[in-house]
file coords_26.pdb (PDB, C-alpha atoms, pLDDT in the B column)
ATOM      1  CA  MET Q  59     -70.690  34.094 -15.013  1.00 53.00           C
ATOM      2  CA  SER Q  60     -68.466  35.347 -17.811  1.00 69.00           C
ATOM      3  CA  SER Q  61     -65.578  35.888 -15.438  1.00 83.00           C
ATOM      4  CA  ALA Q  62     -65.824  32.291 -14.224  1.00 82.00           C
ATOM      5  CA  LYS Q  63     -65.917  31.098 -17.828  1.00 82.00           C
ATOM      6  CA  VAL Q  64     -62.859  33.156 -18.651  1.00 83.00           C
ATOM      7  CA  ILE Q  65     -60.994  31.780 -15.614  1.00 85.00           C
ATOM      8  CA  ILE Q  66     -61.852  28.176 -16.522  1.00 86.00           C
ATOM      9  CA  LEU Q  67     -61.033  28.486 -20.231  1.00 84.00           C
ATOM     10  CA  GLU Q  68     -58.024  30.782 -20.058  1.00 85.00           C
ATOM     11  CA  TYR Q  69     -56.337  29.664 -16.834  1.00 87.00           C
ATOM     12  CA  ILE Q  70     -57.566  26.379 -15.368  1.00 90.00           C
ATOM     13  CA  CYS Q  71     -57.784  24.350 -18.597  1.00 91.00           C
ATOM     14  CA  PRO Q  72     -54.448  25.547 -20.032  1.00 91.00           C
ATOM     15  CA  GLY Q  73     -52.805  25.096 -16.625  1.00 92.00           C
ATOM     16  CA  LEU Q  74     -54.085  21.518 -16.324  1.00 94.00           C
ATOM     17  CA  GLY Q  75     -52.972  20.830 -19.888  1.00 92.00           C
ATOM     18  CA  ALA Q  76     -49.465  22.114 -19.146  1.00 93.00           C
ATOM     19  CA  LEU Q  77     -49.308  20.086 -15.928  1.00 94.00           C
ATOM     20  CA  MET Q  78     -50.412  16.845 -17.601  1.00 95.00           C
ATOM     21  CA  ALA Q  79     -48.032  17.393 -20.501  1.00 94.00           C
ATOM     22  CA  ASN Q  80     -45.088  17.765 -18.132  1.00 94.00           C
ATOM     23  CA  ILE Q  81     -46.135  14.702 -16.129  1.00 94.00           C
ATOM     24  CA  MET Q  82     -46.159  12.739 -19.383  1.00 94.00           C
ATOM     25  CA  PHE Q  83     -42.737  14.093 -20.378  1.00 94.00           C
ATOM     26  CA  PHE Q  84     -41.179  13.229 -17.004  1.00 94.00           C
ATOM     27  CA  SER Q  85     -42.609   9.693 -16.892  1.00 92.00           C
ATOM     28  CA  PRO Q  86     -39.455   7.918 -18.212  1.00 93.00           C
ATOM     29  CA  VAL Q  87     -37.070   9.682 -15.791  1.00 93.00           C
ATOM     30  CA  GLN Q  88     -37.270   7.024 -13.066  1.00 92.00           C
ATOM     31  CA  ASP Q  89     -36.740   4.165 -15.502  1.00 92.00           C
ATOM     32  CA  LEU Q  90     -33.783   5.953 -17.069  1.00 92.00           C
ATOM     33  CA  ARG Q  91     -32.197   6.479 -13.650  1.00 92.00           C
ATOM     34  CA  LYS Q  92     -32.431   2.745 -12.998  1.00 91.00           C
ATOM     35  CA  ALA Q  93     -30.879   2.092 -16.403  1.00 91.00           C
ATOM     36  CA  ILE Q  94     -28.039   4.513 -15.594  1.00 90.00           C
ATOM     37  CA  GLN Q  95     -27.336   2.721 -12.302  1.00 90.00           C
ATOM     38  CA  SER Q  96     -27.340  -0.694 -13.971  1.00 88.00           C
ATOM     39  CA  GLY Q  97     -25.455   0.532 -17.061  1.00 85.00           C
ATOM     40  CA  ASP Q  98     -27.957  -1.013 -19.463  1.00 85.00           C
ATOM     41  CA  LEU Q  99     -31.099   0.301 -21.163  1.00 86.00           C
ATOM     42  CA  GLY Q 100     -32.774  -3.076 -20.846  1.00 83.00           C
ATOM     43  CA  VAL Q 101     -36.293  -2.945 -22.263  1.00 86.00           C
ATOM     44  CA  LEU Q 102     -36.306   0.856 -22.593  1.00 88.00           C
ATOM     45  CA  ASN Q 103     -36.875   2.108 -26.132  1.00 90.00           C
ATOM     46  CA  PRO Q 104     -35.171   5.518 -26.611  1.00 91.00           C
ATOM     47  CA  THR Q 105     -36.672   6.185 -30.058  1.00 92.00           C
ATOM     48  CA  PRO Q 106     -39.798   8.012 -28.702  1.00 93.00           C
ATOM     49  CA  TRP Q 107     -37.467  10.472 -26.949  1.00 94.00           C
ATOM     50  CA  VAL Q 108     -36.255  11.654 -30.362  1.00 93.00           C
ATOM     51  CA  PHE Q 109     -39.814  12.512 -31.433  1.00 93.00           C
ATOM     52  CA  MET Q 110     -40.424  14.053 -28.019  1.00 94.00           C
ATOM     53  CA  LEU Q 111     -37.506  16.385 -28.771  1.00 94.00           C
ATOM     54  CA  GLY Q 112     -38.939  17.328 -32.148  1.00 92.00           C
ATOM     55  CA  ASN Q 113     -42.475  17.747 -30.780  1.00 93.00           C
ATOM     56  CA  CYS Q 114     -41.439  20.018 -27.911  1.00 94.00           C
ATOM     57  CA  PHE Q 115     -39.046  21.942 -30.124  1.00 93.00           C
ATOM     58  CA  GLY Q 116     -41.846  22.765 -32.554  1.00 92.00           C
ATOM     59  CA  TRP Q 117     -44.318  23.782 -29.840  1.00 94.00           C
ATOM     60  CA  VAL Q 118     -41.748  25.963 -28.064  1.00 94.00           C
ATOM     61  CA  ALA Q 119     -41.008  27.795 -31.311  1.00 92.00           C
ATOM     62  CA  TYR Q 120     -44.752  28.163 -31.966  1.00 92.00           C
ATOM     63  CA  SER Q 121     -45.367  29.517 -28.452  1.00 93.00           C
ATOM     64  CA  ILE Q 122     -42.647  32.104 -28.897  1.00 92.00           C
ATOM     65  CA  LEU Q 123     -44.211  33.262 -32.155  1.00 90.00           C
ATOM     66  CA  LEU Q 124     -47.652  33.511 -30.497  1.00 92.00           C
ATOM     67  CA  GLN Q 125     -46.207  34.791 -27.219  1.00 91.00           C
ATOM     68  CA  ASN Q 126     -48.332  32.218 -25.416  1.00 92.00           C
ATOM     69  CA  LEU Q 127     -46.894  31.321 -22.020  1.00 92.00           C
ATOM     70  CA  TRP Q 128     -49.181  28.303 -21.503  1.00 94.00           C
ATOM     71  CA  ILE Q 129     -47.922  26.555 -24.618  1.00 94.00           C
ATOM     72  CA  PHE Q 130     -44.368  27.550 -23.751  1.00 95.00           C
ATOM     73  CA  PHE Q 131     -44.398  26.143 -20.205  1.00 94.00           C
ATOM     74  CA  ALA Q 132     -46.252  23.054 -21.380  1.00 94.00           C
ATOM     75  CA  ASN Q 133     -43.414  22.128 -23.749  1.00 95.00           C
ATOM     76  CA  CYS Q 134     -40.208  23.899 -22.678  1.00 95.00           C
ATOM     77  CA  PRO Q 135     -39.521  21.499 -19.733  1.00 95.00           C
ATOM     78  CA  GLY Q 136     -40.151  18.580 -22.067  1.00 95.00           C
ATOM     79  CA  PHE Q 137     -37.753  20.044 -24.624  1.00 95.00           C
ATOM     80  CA  LEU Q 138     -34.955  20.381 -22.055  1.00 95.00           C
ATOM     81  CA  LEU Q 139     -35.716  16.961 -20.597  1.00 95.00           C
ATOM     82  CA  SER Q 140     -35.659  15.313 -24.032  1.00 95.00           C
ATOM     83  CA  ILE Q 141     -32.117  16.616 -24.573  1.00 94.00           C
ATOM     84  CA  TRP Q 142     -31.041  14.959 -21.314  1.00 94.00           C
ATOM     85  CA  LEU Q 143     -32.857  11.725 -22.184  1.00 94.00           C
ATOM     86  CA  ASN Q 144     -31.278  11.476 -25.621  1.00 94.00           C
ATOM     87  CA  LEU Q 145     -27.782  12.221 -24.326  1.00 93.00           C
ATOM     88  CA  TRP Q 146     -28.019   9.362 -21.852  1.00 92.00           C
ATOM     89  CA  ALA Q 147     -29.595   7.120 -24.469  1.00 92.00           C
ATOM     90  CA  VAL Q 148     -26.583   7.632 -26.739  1.00 90.00           C
ATOM     91  CA  LYS Q 149     -24.182   6.789 -23.894  1.00 89.00           C
ATOM     92  CA  LEU Q 150     -26.044   3.650 -22.837  1.00 90.00           C
ATOM     93  CA  LEU Q 151     -26.496   2.443 -26.414  1.00 88.00           C
ATOM     94  CA  TYR Q 152     -22.776   2.718 -27.051  1.00 85.00           C
ATOM     95  CA  GLN Q 153     -21.948   1.045 -23.735  1.00 84.00           C
ATOM     96  CA  MET Q 154     -24.242  -1.860 -24.607  1.00 83.00           C
ATOM     97  CA  HIS Q 155     -22.652  -2.149 -28.050  1.00 80.00           C
ATOM     98  CA  TYR Q 156     -19.133  -2.003 -26.578  1.00 76.00           C
ATOM     99  CA  THR Q 157     -19.960  -4.688 -23.995  1.00 78.00           C
ATOM    100  CA  ILE Q 158     -21.248  -7.049 -26.684  1.00 77.00           C
ATOM    101  CA  GLU Q 159     -18.192  -6.449 -28.880  1.00 76.00           C
ATOM    102  CA  THR Q 160     -15.790  -6.968 -25.952  1.00 76.00           C
ATOM    103  CA  ARG Q 161     -17.422 -10.239 -24.925  1.00 76.00           C
ATOM    104  CA  GLN Q 162     -17.347 -11.485 -28.499  1.00 77.00           C
ATOM    105  CA  SER Q 163     -13.681 -10.524 -28.866  1.00 74.00           C
ATOM    106  CA  LEU Q 164     -12.793 -12.315 -25.619  1.00 74.00           C
ATOM    107  CA  VAL Q 165     -14.605 -15.456 -26.746  1.00 75.00           C
ATOM    108  CA  ASN Q 166     -12.822 -15.361 -30.110  1.00 75.00           C
ATOM    109  CA  LEU Q 167      -9.441 -14.886 -28.430  1.00 73.00           C
ATOM    110  CA  LEU Q 168      -9.990 -17.803 -26.054  1.00 73.00           C
ATOM    111  CA  MET Q 169     -11.131 -19.995 -28.940  1.00 77.00           C
ATOM    112  CA  ASP Q 170      -7.978 -19.097 -30.899  1.00 74.00           C
ATOM    113  CA  GLN Q 171      -5.790 -19.971 -27.928  1.00 70.00           C
ATOM    114  CA  GLU Q 172      -7.641 -23.240 -27.418  1.00 71.00           C
ATOM    115  CA  LEU Q 173      -7.090 -24.068 -31.094  1.00 75.00           C
ATOM    116  CA  THR Q 174      -3.384 -23.282 -30.735  1.00 73.00           C
ATOM    117  CA  LEU Q 175      -3.097 -25.493 -27.673  1.00 68.00           C
ATOM    118  CA  SER Q 176      -4.950 -28.314 -29.386  1.00 71.00           C
ATOM    119  CA  LYS Q 177      -2.461 -28.196 -32.269  1.00 68.00           C
ATOM    120  CA  ASN Q 178       0.464 -28.432 -29.834  1.00 63.00           C
ATOM    121  CA  TYR Q 179      -1.178 -31.137 -27.780  1.00 57.00           C
ATOM    122  CA  THR Q 180       0.717 -34.408 -27.685  1.00 52.00           C
ATOM    123  CA  SER Q 181      -1.318 -37.479 -26.975  1.00 50.00           C
ATOM    124  CA  LEU Q 182      -0.225 -40.283 -24.672  1.00 45.00           C
ATOM    125  CA  PRO Q 183       2.031 -42.924 -26.261  1.00 50.00           C
ATOM    126  CA  TYR Q 184       0.229 -45.683 -28.064  1.00 46.00           C
ATOM    127  CA  ILE Q 185       0.258 -48.980 -26.214  1.00 48.00           C
ATOM    128  CA  ASP Q 186       1.117 -51.743 -28.598  1.00 49.00           C
ATOM    129  CA  ILE Q 187      -0.042 -55.121 -27.403  1.00 46.00           C
ATOM    130  CA  ASP Q 188       1.123 -58.089 -29.363  1.00 49.00           C
ATOM    131  CA  ILE Q 189      -1.750 -60.412 -29.978  1.00 45.00           C
ATOM    132  CA  ASP Q 190      -1.070 -63.801 -31.369  1.00 49.00           C
ATOM    133  CA  ASN Q 191      -3.708 -65.821 -33.004  1.00 49.00           C
ATOM    134  CA  GLY Q 192      -3.377 -68.388 -30.262  1.00 47.00           C
ATOM    135  CA  ASP Q 193      -3.948 -65.983 -27.367  1.00 48.00           C
ATOM    136  CA  SER Q 194      -7.211 -66.301 -25.553  1.00 51.00           C
ATOM    137  CA  ASP Q 195      -9.479 -63.406 -24.578  1.00 52.00           C
ATOM    138  CA  SER Q 196      -8.407 -63.680 -20.959  1.00 56.00           C
ATOM    139  CA  ASP Q 197      -4.720 -63.299 -21.937  1.00 54.00           C
ATOM    140  CA  ILE Q 198      -5.508 -60.217 -24.001  1.00 49.00           C
ATOM    141  CA  ASN Q 199      -7.463 -58.667 -21.136  1.00 54.00           C
ATOM    142  CA  ASP Q 200      -4.600 -59.429 -18.743  1.00 54.00           C
ATOM    143  CA  GLN Q 201      -2.166 -57.676 -21.062  1.00 52.00           C
ATOM    144  CA  ARG Q 202      -4.425 -54.609 -21.254  1.00 52.00           C
ATOM    145  CA  VAL Q 203      -4.820 -54.473 -17.486  1.00 50.00           C
ATOM    146  CA  ASP Q 204      -1.055 -54.750 -16.990  1.00 53.00           C
ATOM    147  CA  ALA Q 205      -0.413 -52.004 -19.535  1.00 51.00           C
ATOM    148  CA  LYS Q 206      -2.914 -49.666 -17.860  1.00 52.00           C
ATOM    149  CA  ALA Q 207      -1.405 -50.400 -14.448  1.00 53.00           C
ATOM    150  CA  ASN Q 208       2.096 -49.663 -15.700  1.00 55.00           C
ATOM    151  CA  MET Q 209       0.949 -46.399 -17.298  1.00 52.00           C
ATOM    152  CA  HIS Q 210      -0.794 -45.397 -14.081  1.00 51.00           C
ATOM    153  CA  VAL Q 211       2.377 -46.057 -12.093  1.00 50.00           C
ATOM    154  CA  GLU Q 212       4.440 -44.010 -14.564  1.00 53.00           C
ATOM    155  CA  LEU Q 213       1.993 -41.089 -14.472  1.00 50.00           C
ATOM    156  CA  GLU Q 214       1.882 -41.134 -10.677  1.00 56.00           C
ATOM    157  CA  GLY Q 215       5.686 -41.160 -10.596  1.00 56.00           C
ATOM    158  CA  GLU Q 216       5.852 -38.163 -12.923  1.00 53.00           C
ATOM    159  CA  LYS Q 217       3.223 -36.367 -10.843  1.00 52.00           C
ATOM    160  CA  ASP Q 218       5.167 -36.982  -7.617  1.00 58.00           C
ATOM    161  CA  GLU Q 219       8.381 -35.832  -9.284  1.00 56.00           C
ATOM    162  CA  THR Q 220       6.667 -32.655 -10.488  1.00 54.00           C
ATOM    163  CA  ASN Q 221       5.298 -31.967  -7.010  1.00 58.00           C
ATOM    164  CA  ASP Q 222       8.772 -32.469  -5.525  1.00 58.00           C
ATOM    165  CA  ILE Q 223      10.215 -29.986  -8.009  1.00 52.00           C
ATOM    166  CA  ILE Q 224       7.547 -27.443  -7.153  1.00 50.00           C
ATOM    167  CA  GLU Q 225       8.105 -27.924  -3.429  1.00 53.00           C
ATOM    168  CA  ARG Q 226      11.884 -27.593  -3.818  1.00 55.00           C
ATOM    169  CA  SER Q 227      11.551 -24.509  -6.004  1.00 52.00           C
ATOM    170  CA  SER Q 228      12.429 -21.251  -4.342  1.00 52.00           C
ATOM    171  CA  PRO Q 229       9.823 -18.598  -3.517  1.00 55.00           C
ATOM    172  CA  ILE Q 230      11.471 -16.379  -6.141  1.00 53.00           C
ATOM    173  CA  GLN Q 231      10.803 -18.958  -8.879  1.00 52.00           C
ATOM    174  CA  GLN Q 232       7.198 -19.368  -7.749  1.00 50.00           C
ATOM    175  CA  SER Q 233       6.803 -15.601  -7.683  1.00 60.00           C
ATOM    176  CA  ASN Q 234       8.208 -15.343 -11.208  1.00 58.00           C
ATOM    177  CA  SER Q 235       5.752 -17.994 -12.390  1.00 59.00           C
ATOM    178  CA  THR Q 236       2.856 -16.099 -10.810  1.00 65.00           C
ATOM    179  CA  ARG Q 237       4.024 -12.843 -12.366  1.00 65.00           C
ATOM    180  CA  TYR Q 238       4.270 -14.502 -15.759  1.00 59.00           C
ATOM    181  CA  ALA Q 239       0.688 -15.771 -15.488  1.00 60.00           C
ATOM    182  CA  GLN Q 240      -0.501 -12.349 -14.359  1.00 64.00           C
ATOM    183  CA  SER Q 241       1.317 -10.586 -17.182  1.00 68.00           C
ATOM    184  CA  ARG Q 242      -0.115 -13.044 -19.695  1.00 65.00           C
ATOM    185  CA  TRP Q 243      -3.684 -12.485 -18.543  1.00 64.00           C
ATOM    186  CA  THR Q 244      -3.062  -8.734 -18.387  1.00 67.00           C
ATOM    187  CA  LYS Q 245      -1.931  -8.807 -22.005  1.00 66.00           C
ATOM    188  CA  ILE Q 246      -5.033 -10.780 -23.014  1.00 63.00           C
ATOM    189  CA  ILE Q 247      -7.338  -8.327 -21.245  1.00 65.00           C
ATOM    190  CA  MET Q 248      -5.518  -5.323 -22.703  1.00 64.00           C
ATOM    191  CA  ASP Q 249      -5.715  -6.781 -26.205  1.00 62.00           C
ATOM    192  CA  VAL Q 250      -9.474  -7.193 -25.819  1.00 58.00           C
ATOM    193  CA  THR Q 251     -10.353  -3.942 -24.053  1.00 61.00           C
ATOM    194  CA  SER Q 252      -7.991  -1.600 -25.917  1.00 61.00           C
ATOM    195  CA  GLN Q 253      -9.244  -2.455 -29.377  1.00 62.00           C
ATOM    196  CA  ARG Q 254     -11.092   0.209 -31.316  1.00 66.00           C
ATOM    197  CA  THR Q 255     -14.799  -0.481 -31.534  1.00 67.00           C
ATOM    198  CA  PRO Q 256     -16.849   1.225 -34.262  1.00 69.00           C
ATOM    199  CA  ALA Q 257     -19.725   3.218 -32.802  1.00 69.00           C
ATOM    200  CA  PRO Q 258     -23.120   2.829 -34.489  1.00 70.00           C
ATOM    201  CA  THR Q 259     -25.028   6.105 -34.825  1.00 72.00           C
ATOM    202  CA  PRO Q 260     -28.679   5.418 -35.734  1.00 83.00           C
ATOM    203  CA  HIS Q 261     -30.051   7.258 -32.688  1.00 86.00           C
ATOM    204  CA  GLU Q 262     -27.794  10.273 -33.175  1.00 85.00           C
ATOM    205  CA  ASN Q 263     -28.705  10.459 -36.859  1.00 87.00           C
ATOM    206  CA  LEU Q 264     -32.410  10.410 -36.013  1.00 88.00           C
ATOM    207  CA  VAL Q 265     -31.949  13.266 -33.516  1.00 88.00           C
ATOM    208  CA  MET Q 266     -30.094  15.325 -36.110  1.00 89.00           C
ATOM    209  CA  ILE Q 267     -32.712  14.679 -38.805  1.00 89.00           C
ATOM    210  CA  ILE Q 268     -35.584  15.814 -36.536  1.00 88.00           C
ATOM    211  CA  SER Q 269     -33.649  18.914 -35.419  1.00 87.00           C
ATOM    212  CA  ILE Q 270     -32.703  19.884 -38.975  1.00 89.00           C
ATOM    213  CA  ILE Q 271     -36.321  19.536 -40.149  1.00 88.00           C
ATOM    214  CA  TRP Q 272     -37.590  21.916 -37.449  1.00 85.00           C
ATOM    215  CA  VAL Q 273     -34.774  24.405 -37.979  1.00 84.00           C
ATOM    216  CA  VAL Q 274     -35.552  24.498 -41.698  1.00 86.00           C
ATOM    217  CA  CYS Q 275     -39.294  24.924 -41.022  1.00 84.00           C
ATOM    218  CA  ILE Q 276     -38.750  27.716 -38.492  1.00 80.00           C
ATOM    219  CA  SER Q 277     -36.254  29.560 -40.659  1.00 74.00           C
TER     220      SER Q 277
END
call {"tool": "encode", "arguments": {"input": "coords_26.pdb", "output": "structure tokens"}}
result
Amino acid sequence: MSSAKVIILEYICPGLGALMANIMFFSPVQDLRKAIQSGDLGVLNPTPWVFMLGNCFGWVAYSILLQNLWIFFANCPGFLLSIWLNLWAVKLLYQMHYTIETRQSLVNLLMDQELTLSKNYTSLPYIDIDIDNGDSDSDINDQRVDAKANMHVELEGEKDETNDIIERSSPIQQSNSTRYAQSRWTKIIMDVTSQRTPAPTPHENLVMIISIIWVVCIS
């Protein structure tokens, strides 16, 4: 009877405790793999992984002092796993921050260019219609219709002339125009993506604070 009690209390219960602890520690692995594939943490909160690091670190140190293998194997895998989790959390947090900053910079750049174009925009010439006091409403409407028709004819003529110029242009000129557009967009993209983005460090600071606390306590 005593031998069975010893086996249950000293082997089965500690073994089950170590197994359940490791199952709990490995529970976020699948979700983190999905986040790595998508490049975004999404709804994952990496803050508990910092406290998981501190918790396992403390228990591993305690197990070494007691020379208790059950406590050691219940927390050592979690300690190593928490390092991996936090490293990926730092990478994904920075990638998310960089993506937001890049999108915002691109929007600001496009808005600046749109503002520049709007300043250089020349409106269509004003159509001055002489209206005498004796003109009837039908005469005024006829004048407006004629003016719109004339403007439409002029615009169509300019459009046809532009199309003729494009058709008569050599392939080299068209290629140069395409290269200019490509180089312009390349410059815009390089200006946005090559800018230096400050990296926030709240997660890294939390990891360092927890680690320093345990190192001080153990020492």
call {"tool": "closest_residue", "arguments": {"input": "coords_26.pdb", "among": "Q:Ala147, Q:Leu139, Q:Ala79, Q:Leu264", "to": "Asn103 in chain Q", "atoms": "only C-alpha atoms"}}
result
Q:Ala147
call {"tool": "resolve_selection", "arguments": {"input": "coords_26.pdb", "expression": "the PyMOL selection byres ((chain Q and resi 81-93) around 10)", "output": "count of residues only"}}
result
31
call {"tool": "resolve_selection", "arguments": {"input": "coords_26.pdb", "expression": "the PyMOL selection byres ((chain Q and resi 112) around 10)", "output": "PyMOL selection string"}}
result
chain Q and resi 106-111+113-118+137+140+265-272
call {"tool": "atom_distance", "arguments": {"input": "coords_26.pdb", "atom1": "CA of Thr105 in chain Q", "atom2": "CA of Cys275 in chain Q"}}
result
21.9 Å
call {"tool": "axis_aligned_box", "arguments": {"input": "coords_26.pdb", "around": "range 74-91 of chain Q", "padding_each_side": "5 Å", "output": "lines of an AutoDock Vina configuration file"}}
result
center_x = -43.1
center_y = 13.1
center_z = -16.8
size_x = 31.9
size_y = 27.9
size_z = 17.4
call {"tool": "atom_distance", "arguments": {"input": "coords_26.pdb", "atom1": "CA of Met154 in chain Q", "atom2": "CA of Leu167 in chain Q"}}
result
20.1 Å
call {"tool": "closest_residue", "arguments": {"input": "coords_26.pdb", "among": "Q:Thr259, Q:Ser176, Q:Asn166, Q:Gln171", "to": "Val148 in chain Q", "atoms": "only C-alpha atoms"}}
result
Q:Thr259
call {"tool": "atom_distance", "arguments": {"input": "coords_26.pdb", "atom1": "CA of Val274 in chain Q", "atom2": "CA of Asn126 in chain Q"}}
result
22.1 Å
